[in-house]
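J.: Structure in structure tokens, see below.
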Amino acid sequence: MKRVTGAALCALLAGGVAFSANAETKLTIATVNNGDMIRMQKLTDDFTSKNPDISLEWVTLEENTLRQRVTTDIATKGGQYDIMTIGTYEVPIWAEKGWLAPLDNLGADYDTDDIMPAIRSAVSNDGKLYAAPFYAESSMMMYRTDLFEKAGITINGRLTWDQTLDIAKKLHDPDNGVYGICLRGKAGWGENMALITTMGNAYGARLFDENWNPTFDSAEWKNALDMYVEILGKYGPPGATSNGFNENLSLFNSGKCGMWIDATVAASFVSNPKESTVADKVGFTEAPCAETCTGANWLWAWNLGIPTGSQKVEAAQKFIAWATSKDYLELVASKEGWANVPPGTRMSLYENPKYLEAAPFADETLLAIDSADPINSTMKPKPYVGVQFAAIPEFQGIGTTVGQQFSAALAGSSTVEDALASAQSSTDRTMRKAGYY
Amino acid sequence: MENKQTALGHIGFSIFAWIVGLLIFFPIFWMVLTSFKTELEAVSIPPSFMSFDWTLENYAEVQARSDYFRFAMNSVILSVGSTLVGLLFAVPCAWAMAFNPTKRTKDALLWMLSTKMMPPVGVLVPIYLVFRDWGLLDTRFGLIMVLFLMNLPIMVWMLYTYFKEIPSDILEAARMDGATLPKEIIFVLLPMAVPGIASTMLLNIILAWNEAFWTLNLTTADAAPLTAFIASYSSPEGLFWAKLSAASTMAVAPILIIGWFSQKQLVRGLTFGAVK
């Protein structure tokens, strides 16, 4: 009797499990840990209440771990994730390889045309959208208005790097704990190389010529690296070679940087009184130019894409449409205020007076994102897509190696000439091995 | 005079040991301290030592954002599971090598250890493909297998060292009394090797608990242990040290408590035969 009852219970349980598995589609979403993404996780009740048949499982990882994890999964078609958070570097490469499902069913009211043109082109391949931007950023300069005023400096028009160097000299006062300028010095393709490549673009350099030959032996690169080493080495904080975004953010927020050139997304952190001791003394302006302003500020977006290995493409598209829609921006604004909506992806946001009022950095952010074009980002012609990177699989390795050589020049353990010569030879070797020429 | 010198020597060694101990402990202490600061205080320069507004908000936020107990339960299952499975293989293996050595035993031991010298990322893709094809991705069973295989060389080495200390005459006497091989291992060898086995188990539980390559790369949600829980609090853009410290404190707390209570066993096991 006991056995029969047990068997019946088991059958019931199994039936129950099978029933609930059929009734619900579980989407597994891989994402990075940043304020906008965490906010989205908190607001997902809105999505699940509108789509009761879909449940969400979040996997939040550190950026480099996430990149390694999702690359392994998508390359082996592991099918562990239904939605992946990927950068503008990965989207064109993965779309080309057929690893991403095209987003062709985002709904009639999605309004794809409202996505900023530069971002849309960065996440499209052959005219099809392969990922939807969740938030986007460019680079710009944040500066201390009180220190500028004290030193009698006013900004008229877009600064050049030479002018920035002069200002850094005037503001540099290490005895009182203020450094002229804070810039990324930590080696890595997404760290110091993001900034130095935009400086290179401004000085008329490019990563590769039309035949994919590296061009680090050019005079333009020499000028750019000379400026980087001089301005950060002489007028930057000590130990700048270990400073990335977060280290510079904490330096700026504690009042130790006269100027800081970095991601536009930093604007909301430095002007937030809860996080910054200088929140009411920050001004924003575009990143400096040199020979040209083309490519002088970068373009990056975190996007949501669907791997072709996913069995739940339809439900995943529903979620992406929700998370990157205009309605989502309204939802965030209603719960957390307009200053906290994910920036940089939709043009309508920058026409919204409520947002413009809540975000004093909105104009500069829009200007920066609008002026960054991943296709035309260098003075001379180039064969690659991307402002601060080249969207080819080899670039991660190249960027990190070259970043280490440039970091060595900043630390003084090698000269600018030696760093550029090493960068040229190591990149040449990699490109040759990869069969580009 | 000699006594005085010896006493001074003891005091000198004690001071040195305390300094080394404090140096090793300092990062953990700093992590716990940071977990009670606000994000702004956590990055302030110069850092505040004790004079800051103590807050529990990081713990509250970590608790609200992540299901800590699910991650912790996975850590317990993976570390204990892989250690128990490991013992099933390592005890007979170490017995064979310690009491019935051949001329190739030393080479076999070295070869086993050499498998630890390869960086795990070198076999990531093949193992990932095997896991994918066998449906083991994001399963506790799959991860127990990987962790057990990863720590098996160390378990065999440790147990081999302990077993070598046990006189083989005792085992022979048991055999003379008619003990079969399983009985010889279970009733004679194992009771004598309890300290060694206990310290092997403890060390392997700690190693499996802290393993952060395979546990991050082969899991997504269902089998993810505390390493994945910690990894979710590092942020590319934005301040995160205080929350990360709170998450790390919560992650290391269970193993730290176990280590504290079993430290005598652990030390005795690790130094077993060391002074011979």
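Just so we're on the same page: first chain in the structure tokens is A, next is B, and so on; residues restart at 1 for each chain, and ligands are numbered from 1 in the order they show up.
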Go through chain A residue by residue and, counting only C-alpha atoms, keep those with an atom at most 9 Å from chain B; for each kept residue give the shortest atom pair and its distance in Å to one decimal, ordered by chain and increasing number, as JSON lines.
T.:
{"residue": "A:Thr28", "atom": "CA", "partner": "B:Ala221", "partner_atom": "CA", "distance": 8.1}
{"residue": "A:Ala30", "atom": "CA", "partner": "B:Thr220", "partner_atom": "CA", "distance": 8.3}
{"residue": "A:Val32", "atom": "CA", "partner": "B:Ser235", "partner_atom": "CA", "distance": 7.2}
{"residue": "A:Asn33", "atom": "CA", "partner": "B:Ser235", "partner_atom": "CA", "distance": 5.0}
{"residue": "A:Asn34", "atom": "CA", "partner": "B:Ser235", "partner_atom": "CA", "distance": 5.7}
{"residue": "A:Gly35", "atom": "CA", "partner": "B:Gly238", "partner_atom": "CA", "distance": 7.3}
{"residue": "A:Ile38", "atom": "CA", "partner": "B:Arg65", "partner_atom": "CA", "distance": 8.5}
{"residue": "A:Gln41", "atom": "CA", "partner": "B:Arg65", "partner_atom": "CA", "distance": 8.7}
{"residue": "A:Lys42", "atom": "CA", "partner": "B:Arg65", "partner_atom": "CA", "distance": 8.3}
{"residue": "A:Glu57", "atom": "CA", "partner": "B:Ala221", "partner_atom": "CA", "distance": 7.2}
{"residue": "A:Trp58", "atom": "CA", "partner": "B:Ala221", "partner_atom": "CA", "distance": 7.6}
{"residue": "A:Val59", "atom": "CA", "partner": "B:Thr220", "partner_atom": "CA", "distance": 6.3}
{"residue": "A:Thr60", "atom": "CA", "partner": "B:Ser232", "partner_atom": "CA", "distance": 4.8}
{"residue": "A:Leu61", "atom": "CA", "partner": "B:Ser232", "partner_atom": "CA", "distance": 4.3}
{"residue": "A:Glu62", "atom": "CA", "partner": "B:Ser234", "partner_atom": "CA", "distance": 5.2}
{"residue": "A:Glu63", "atom": "CA", "partner": "B:Pro236", "partner_atom": "CA", "distance": 6.3}
{"residue": "A:Asn64", "atom": "CA", "partner": "B:Pro236", "partner_atom": "CA", "distance": 8.9}
{"residue": "A:Thr65", "atom": "CA", "partner": "B:Leu216", "partner_atom": "CA", "distance": 8.0}
{"residue": "A:Gln68", "atom": "CA", "partner": "B:Asn217", "partner_atom": "CA", "distance": 8.2}
{"residue": "A:Arg69", "atom": "CA", "partner": "B:Asn217", "partner_atom": "CA", "distance": 5.8}
{"residue": "A:Thr72", "atom": "CA", "partner": "B:Val125", "partner_atom": "CA", "distance": 7.0}
{"residue": "A:Asp73", "atom": "CA", "partner": "B:Tyr128", "partner_atom": "CA", "distance": 8.2}
{"residue": "A:Thr76", "atom": "CA", "partner": "B:Leu129", "partner_atom": "CA", "distance": 6.7}
{"residue": "A:Lys77", "atom": "CA", "partner": "B:Arg132", "partner_atom": "CA", "distance": 8.5}
{"residue": "A:Gly78", "atom": "CA", "partner": "B:Arg132", "partner_atom": "CA", "distance": 5.8}
{"residue": "A:Gly79", "atom": "CA", "partner": "B:Arg132", "partner_atom": "CA", "distance": 8.4}
{"residue": "A:Gln80", "atom": "CA", "partner": "B:Thr220", "partner_atom": "CA", "distance": 6.9}
{"residue": "A:Tyr81", "atom": "CA", "partner": "B:Thr220", "partner_atom": "CA", "distance": 8.0}
{"residue": "A:Phe245", "atom": "CA", "partner": "B:Glu237", "partner_atom": "CA", "distance": 6.5}
{"residue": "A:Asn246", "atom": "CA", "partner": "B:Gly238", "partner_atom": "CA", "distance": 6.1}
{"residue": "A:Glu247", "atom": "CA", "partner": "B:Val43", "partner_atom": "CA", "distance": 8.5}
{"residue": "A:Leu249", "atom": "CA", "partner": "B:Gly238", "partner_atom": "CA", "distance": 7.7}
{"residue": "A:Ser250", "atom": "CA", "partner": "B:Val43", "partner_atom": "CA", "distance": 6.2}
{"residue": "A:Leu251", "atom": "CA", "partner": "B:Ile45", "partner_atom": "CA", "distance": 8.3}
{"residue": "A:Asn253", "atom": "CA", "partner": "B:Leu40", "partner_atom": "CA", "distance": 8.5}
{"residue": "A:Ser254", "atom": "CA", "partner": "B:Ser44", "partner_atom": "CA", "distance": 6.8}
{"residue": "A:Val265", "atom": "CA", "partner": "B:Glu237", "partner_atom": "CA", "distance": 8.2}
{"residue": "A:Ala266", "atom": "CA", "partner": "B:Glu237", "partner_atom": "CA", "distance": 7.8}
{"residue": "A:Phe269", "atom": "CA", "partner": "B:Gly238", "partner_atom": "CA", "distance": 7.4}
{"residue": "A:Lys274", "atom": "CA", "partner": "B:Leu40", "partner_atom": "CA", "distance": 8.0}
{"residue": "A:Glu275", "atom": "CA", "partner": "B:Leu40", "partner_atom": "CA", "distance": 5.8}
{"residue": "A:Ser276", "atom": "CA", "partner": "B:Leu40", "partner_atom": "CA", "distance": 7.6}
J.: Those same residues - N, CA and C atoms - I'd like them written as a compact mmCIF listing (two decimals), in the first residue's frame.
T.:
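And here's selection-v9.txt as it stands now:
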# COMPACT_ATOMS: atom_id res chain seq x y z
N THR A 28 17.77 32.75 -19.35
CA THR A 28 18.98 32.99 -18.57
C THR A 28 19.74 34.14 -19.22
N ALA A 30 22.97 36.76 -19.12
CA ALA A 30 24.32 37.05 -18.61
C ALA A 30 24.56 38.55 -18.69
N VAL A 32 26.74 42.29 -16.94
CA VAL A 32 27.81 42.87 -16.11
C VAL A 32 27.19 43.57 -14.90
N ASN A 33 28.05 43.82 -13.91
CA ASN A 33 27.57 44.49 -12.71
C ASN A 33 27.81 46.00 -12.85
N ASN A 34 26.82 46.71 -13.34
CA ASN A 34 26.91 48.17 -13.26
C ASN A 34 25.53 48.70 -12.87
N GLY A 35 25.51 49.96 -12.47
CA GLY A 35 24.30 50.53 -11.89
C GLY A 35 23.06 50.33 -12.75
N ILE A 38 21.91 46.61 -12.77
CA ILE A 38 21.35 46.20 -11.49
C ILE A 38 19.94 46.79 -11.33
N GLN A 41 17.52 44.73 -13.19
CA GLN A 41 17.16 43.50 -12.48
C GLN A 41 16.08 43.77 -11.44
N LYS A 42 16.17 44.95 -10.81
CA LYS A 42 15.18 45.28 -9.77
C LYS A 42 13.81 45.56 -10.38
N GLU A 57 16.30 34.46 -15.15
CA GLU A 57 17.41 34.04 -14.27
C GLU A 57 18.61 34.89 -14.62
N TRP A 58 19.10 35.68 -13.66
CA TRP A 58 20.21 36.59 -13.94
C TRP A 58 21.54 35.97 -13.54
N VAL A 59 22.51 36.11 -14.41
CA VAL A 59 23.88 35.69 -14.06
C VAL A 59 24.75 36.94 -14.21
N THR A 60 25.10 37.52 -13.08
CA THR A 60 25.90 38.76 -13.12
C THR A 60 27.36 38.41 -12.90
N LEU A 61 28.23 38.91 -13.77
CA LEU A 61 29.65 38.59 -13.65
C LEU A 61 30.50 39.82 -13.86
N GLU A 62 31.72 39.75 -13.39
CA GLU A 62 32.70 40.82 -13.62
C GLU A 62 33.00 40.85 -15.12
N GLU A 63 33.31 42.04 -15.66
CA GLU A 63 33.38 42.24 -17.11
C GLU A 63 34.29 41.22 -17.82
N ASN A 64 35.52 41.05 -17.33
CA ASN A 64 36.44 40.14 -18.02
C ASN A 64 35.99 38.68 -17.91
N THR A 65 35.45 38.33 -16.74
CA THR A 65 34.94 36.97 -16.56
C THR A 65 33.75 36.75 -17.49
N GLN A 68 34.95 36.22 -21.08
CA GLN A 68 35.51 34.87 -21.27
C GLN A 68 34.40 33.82 -21.26
N ARG A 69 33.47 33.99 -20.33
CA ARG A 69 32.39 33.01 -20.15
C ARG A 69 31.46 32.96 -21.35
N THR A 72 33.25 31.62 -24.59
CA THR A 72 33.37 30.16 -24.60
C THR A 72 32.02 29.55 -24.96
N ASP A 73 30.96 30.05 -24.36
CA ASP A 73 29.65 29.46 -24.56
C ASP A 73 29.15 29.64 -26.00
N THR A 76 31.21 27.60 -28.62
CA THR A 76 30.99 26.16 -28.61
C THR A 76 29.50 25.83 -28.74
N LYS A 77 28.69 26.84 -28.94
CA LYS A 77 27.23 26.70 -28.99
C LYS A 77 26.72 25.93 -27.76
N GLY A 78 27.22 26.34 -26.60
CA GLY A 78 26.86 25.68 -25.34
C GLY A 78 25.41 25.87 -24.97
N GLY A 79 24.81 26.97 -25.40
CA GLY A 79 23.39 27.20 -25.14
C GLY A 79 23.06 27.49 -23.69
N GLN A 80 24.02 27.97 -22.91
CA GLN A 80 23.77 28.23 -21.49
C GLN A 80 23.02 29.54 -21.28
N TYR A 81 23.12 30.44 -22.22
CA TYR A 81 22.47 31.75 -22.05
C TYR A 81 21.49 32.01 -23.18
N PHE A 245 39.27 53.13 -14.84
CA PHE A 245 38.08 53.98 -14.64
C PHE A 245 37.77 54.18 -13.15
N ASN A 246 37.68 53.08 -12.42
CA ASN A 246 37.25 53.19 -11.02
C ASN A 246 38.25 53.92 -10.14
N GLU A 247 39.54 53.70 -10.40
CA GLU A 247 40.56 54.37 -9.59
C GLU A 247 40.50 55.88 -9.84
N LEU A 249 37.91 57.50 -10.93
CA LEU A 249 36.63 57.98 -10.40
C LEU A 249 36.77 58.32 -8.91
N SER A 250 37.43 57.43 -8.16
CA SER A 250 37.56 57.73 -6.72
C SER A 250 38.50 58.90 -6.50
N LEU A 251 39.55 59.04 -7.35
CA LEU A 251 40.43 60.21 -7.22
C LEU A 251 39.66 61.50 -7.50
N ASN A 253 36.39 61.98 -7.45
CA ASN A 253 35.33 62.20 -6.45
C ASN A 253 35.87 62.70 -5.11
N SER A 254 37.13 62.38 -4.83
CA SER A 254 37.70 62.89 -3.58
C SER A 254 38.46 64.20 -3.80
N VAL A 265 29.59 58.15 -19.03
CA VAL A 265 28.75 57.60 -17.97
C VAL A 265 29.25 58.04 -16.59
N ALA A 266 30.51 58.46 -16.51
CA ALA A 266 31.07 58.93 -15.24
C ALA A 266 30.39 60.21 -14.77
N PHE A 269 28.09 59.88 -11.96
CA PHE A 269 28.74 59.54 -10.68
C PHE A 269 29.38 60.78 -10.05
N LYS A 274 25.94 61.98 -3.28
CA LYS A 274 26.11 60.82 -2.40
C LYS A 274 27.45 60.13 -2.63
N GLU A 275 28.01 60.31 -3.82
CA GLU A 275 29.25 59.61 -4.15
C GLU A 275 30.44 60.55 -4.27
N SER A 276 30.18 61.84 -4.53
CA SER A 276 31.27 62.74 -4.88
C SER A 276 31.33 63.92 -3.91
J.: If you count only C-alpha atoms, which residues fall within 7 Å of segment 188-204 of chain B, apart from same-chain ones fewer than 3 positions away, as JSON, numbers by chain?
T.: {"B": [83, 151, 155, 158, 159, 162, 163, 171, 184, 185, 207, 208, 265, 266, 269, 270]}
J.: Take atom CA of Ser310 of chain A and atom CA of Glu394 of chain A and report the distance between them in Å, one decimal.
T.: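 So the two atoms, atom CA of Ser310 of chain A and atom CA of Glu394 of chain A, lie 26.1 Å apart.
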J.: Using DSSP on the backbone coordinates, identify all residues within segment 98-243 of chain B classified as alpha helix (DSSP H); present the result as a ChimeraX atom specification.
T.: /B:98-99,105-114,124-133,140-164,168-176,181-183,190-192,194-210,214-217,226-231,241-243
J.: Residues at most 12 Å from Glu149 of chain A, counting only C-alpha atoms, excluding those fewer than 6 positions away in the same chain, as a list in words?
T.: Tyr143, Ile155, Ile167, Lys170, Leu171, Gly258, Lys281, Val282 and Gly283 of chain A
